[in-house]
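Everything below concerns the one structure shown next.
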Amino acid sequence: MTYWNPFNPENQNQWKPVAGLEDIAEELTLSIDPETGEYTRLTRFKPGADTTPFGGKSHPYPEEIFMVSGRLYDQAFDQWLETGCYASRPPGEVHGPFKTEEGCVVLEISFPNRTNQ
């Protein structure tokens with residue numbers, strides 16, 4: 001869809017559980033380029049979500065994130081990311097694990113075709 005509101009209650013069924021985090025997070029892919037694999041996604045962490053048992057993570061491609069709402073603690077940086085915060089993560093950068101008290105929504109723009117080889 002090109003113009004729509006993912007937060008509208010009528011679109012609730014578009015959100016899917018995040019694999020491995022089914023009880024604490026949901027995601028909604030807004031766009032994906034089938035040729036490059038680049039995608040834009042919203043991730044919604046439920047109140048009290050804690051990914052500590054899964055540790056930090058990294059990937060070989062860059063990504064950008066923007067905090068749409070709420071706040072998220074990134075243990076790798078010992079920092080709370082508040083509504084309006086932006087981060088540009090280079091390939092290989094470790095981030096997380098994450099915690100949120102109130103829940104949050106994160107906009108993620110990822111570039112899996114831009115790997116360090």
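By order in the structure tokens, chains are A, B, ...; within a chain, residues start at 1; ligands start at 1, following the order shown.
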
Every residue of chain A that DSSP places in strand (DSSP E), as a count of residues only
46

Test item: residues at most 12 Å from A:Glu63, only C-alpha atoms, excluding those fewer than 6 positions along its chain, as a list of chain:residue names:
A:Glu38, A:Tyr39, A:Thr40, A:Arg41, A:Tyr86, A:Ala87, A:Ser88, A:Arg89, A:Pro90, A:Pro91, A:Gly92, A:Glu93, A:Val94, A:His95, A:Leu107, A:Glu108, A:Ile109, A:Ser110, A:Phe111, A:Pro112, A:Asn113, A:Arg114, A:Thr115

Selected residues, C-alpha atoms, written as a PDB file, in the first residue's frame, please.
ATOM      1  CA  GLU A  38      16.166  -3.268   1.186  1.00  0.00           C
ATOM      2  CA  TYR A  39      13.207  -2.826   3.486  1.00  0.00           C
ATOM      3  CA  THR A  40      11.416  -0.430   5.777  1.00  0.00           C
ATOM      4  CA  ARG A  41       9.698  -1.935   8.798  1.00  0.00           C
ATOM      5  CA  TYR A  86      17.652   8.431  15.385  1.00  0.00           C
ATOM      6  CA  ALA A  87      20.541   6.006  14.954  1.00  0.00           C
ATOM      7  CA  SER A  88      22.599   5.062  11.914  1.00  0.00           C
ATOM      8  CA  ARG A  89      24.133   1.648  12.538  1.00  0.00           C
ATOM      9  CA  PRO A  90      27.136   0.679  10.425  1.00  0.00           C
ATOM     10  CA  PRO A  91      27.649  -2.919   9.292  1.00  0.00           C
ATOM     11  CA  GLY A  92      28.732  -5.191  12.136  1.00  0.00           C
ATOM     12  CA  GLU A  93      27.774  -2.837  14.965  1.00  0.00           C
ATOM     13  CA  VAL A  94      26.480  -4.740  17.995  1.00  0.00           C
ATOM     14  CA  HIS A  95      23.202  -3.380  19.372  1.00  0.00           C
ATOM     15  CA  LEU A 107      11.041   2.513  12.391  1.00  0.00           C
ATOM     16  CA  GLU A 108      13.821   0.456  10.818  1.00  0.00           C
ATOM     17  CA  ILE A 109      15.314   0.992   7.367  1.00  0.00           C
ATOM     18  CA  SER A 110      17.707  -1.802   6.413  1.00  0.00           C
ATOM     19  CA  PHE A 111      20.089  -2.293   3.506  1.00  0.00           C
ATOM     20  CA  PRO A 112      20.985  -6.010   3.390  1.00  0.00           C
ATOM     21  CA  ASN A 113      22.528  -5.682  -0.074  1.00  0.00           C
ATOM     22  CA  ARG A 114      25.177  -3.258   1.243  1.00  0.00           C
ATOM     23  CA  THR A 115      27.392  -5.701   3.092  1.00  0.00           C
TER      24      THR A 115
END

Residues within 9 Å of A:Gly84, please, as a PDB file with N, CA and C atoms, in the first residue's frame. Count only C-alpha atoms; anything in the same chain fewer than 5 positions from it doesn't count.
ATOM      1  N   PHE A  66      14.601   4.912  13.796  1.00  0.00           N
ATOM      2  CA  PHE A  66      14.000   6.132  14.316  1.00  0.00           C
ATOM      3  C   PHE A  66      12.941   5.717  15.327  1.00  0.00           C
ATOM      4  N   MET A  67      13.014   6.285  16.517  1.00  0.00           N
ATOM      5  CA  MET A  67      12.046   5.975  17.566  1.00  0.00           C
ATOM      6  C   MET A  67      10.761   6.768  17.315  1.00  0.00           C
ATOM      7  N   VAL A  68       9.722   6.062  16.915  1.00  0.00           N
ATOM      8  CA  VAL A  68       8.434   6.686  16.616  1.00  0.00           C
ATOM      9  C   VAL A  68       7.706   7.054  17.904  1.00  0.00           C
ATOM     10  N   SER A  69       7.735   6.124  18.871  1.00  0.00           N
ATOM     11  CA  SER A  69       7.058   6.390  20.142  1.00  0.00           C
ATOM     12  C   SER A  69       7.680   5.541  21.242  1.00  0.00           C
TER      13      SER A  69
END

Find the spatial neighbours of stretch 15-32 of chain A, counting only C-alpha atoms, within a cut-off of 12 Å - ignore same-chain residues fewer than 4 positions away - and output them as a VMD selection string.
chain A and resid 1 to 11 36 to 54 98 to 112

Same residues, C-alpha atoms, output as a compact mmCIF listing (two decimals), in the first residue's frame:
# COMPACT_ATOMS: atom_id res chain seq x y z
CA MET A 1 0.00 0.00 0.00
CA THR A 2 1.30 3.45 -0.77
CA TYR A 3 -0.81 5.67 1.49
CA TRP A 4 -2.22 4.21 4.69
CA ASN A 5 -1.96 4.37 8.45
CA PRO A 6 -0.42 1.28 10.09
CA PHE A 7 -1.64 2.52 13.50
CA ASN A 8 -5.29 2.62 12.46
CA PRO A 9 -7.17 -0.13 14.34
CA GLU A 10 -8.50 -1.50 11.05
CA ASN A 11 -4.89 -2.37 10.12
CA THR A 36 17.91 -5.42 -3.45
CA GLY A 37 16.21 -6.77 -0.32
CA GLU A 38 16.17 -3.27 1.19
CA TYR A 39 13.21 -2.83 3.49
CA THR A 40 11.42 -0.43 5.78
CA ARG A 41 9.70 -1.93 8.80
CA LEU A 42 8.00 -0.95 12.02
CA THR A 43 8.76 -2.98 15.14
CA ARG A 44 6.44 -2.65 18.10
CA PHE A 45 7.80 -3.83 21.46
CA LYS A 46 5.12 -4.60 24.04
CA PRO A 47 5.30 -3.01 27.52
CA GLY A 48 7.85 -4.85 29.66
CA ALA A 49 9.62 -6.41 26.66
CA ASP A 50 13.15 -7.59 27.44
CA THR A 51 15.44 -9.26 24.90
CA THR A 52 18.27 -9.82 27.41
CA PRO A 53 18.00 -13.64 27.14
CA PHE A 54 18.80 -13.33 23.42
CA PHE A 98 16.80 -4.17 24.48
CA LYS A 99 14.33 -3.37 27.23
CA THR A 100 11.26 -1.18 27.36
CA GLU A 101 9.00 -0.38 30.27
CA GLU A 102 6.10 1.28 28.50
CA GLY A 103 6.47 -0.27 25.06
CA CYS A 104 7.66 1.47 21.92
CA VAL A 105 7.53 1.60 18.13
CA VAL A 106 10.74 1.67 16.10
CA LEU A 107 11.04 2.51 12.39
CA GLU A 108 13.82 0.46 10.82
CA ILE A 109 15.31 0.99 7.37
CA SER A 110 17.71 -1.80 6.41
CA PHE A 111 20.09 -2.29 3.51
CA PRO A 112 20.98 -6.01 3.39

Between atom CA of A:Lys57 and atom CA of A:Pro97, distance in Å (one decimal)
7.4 Å
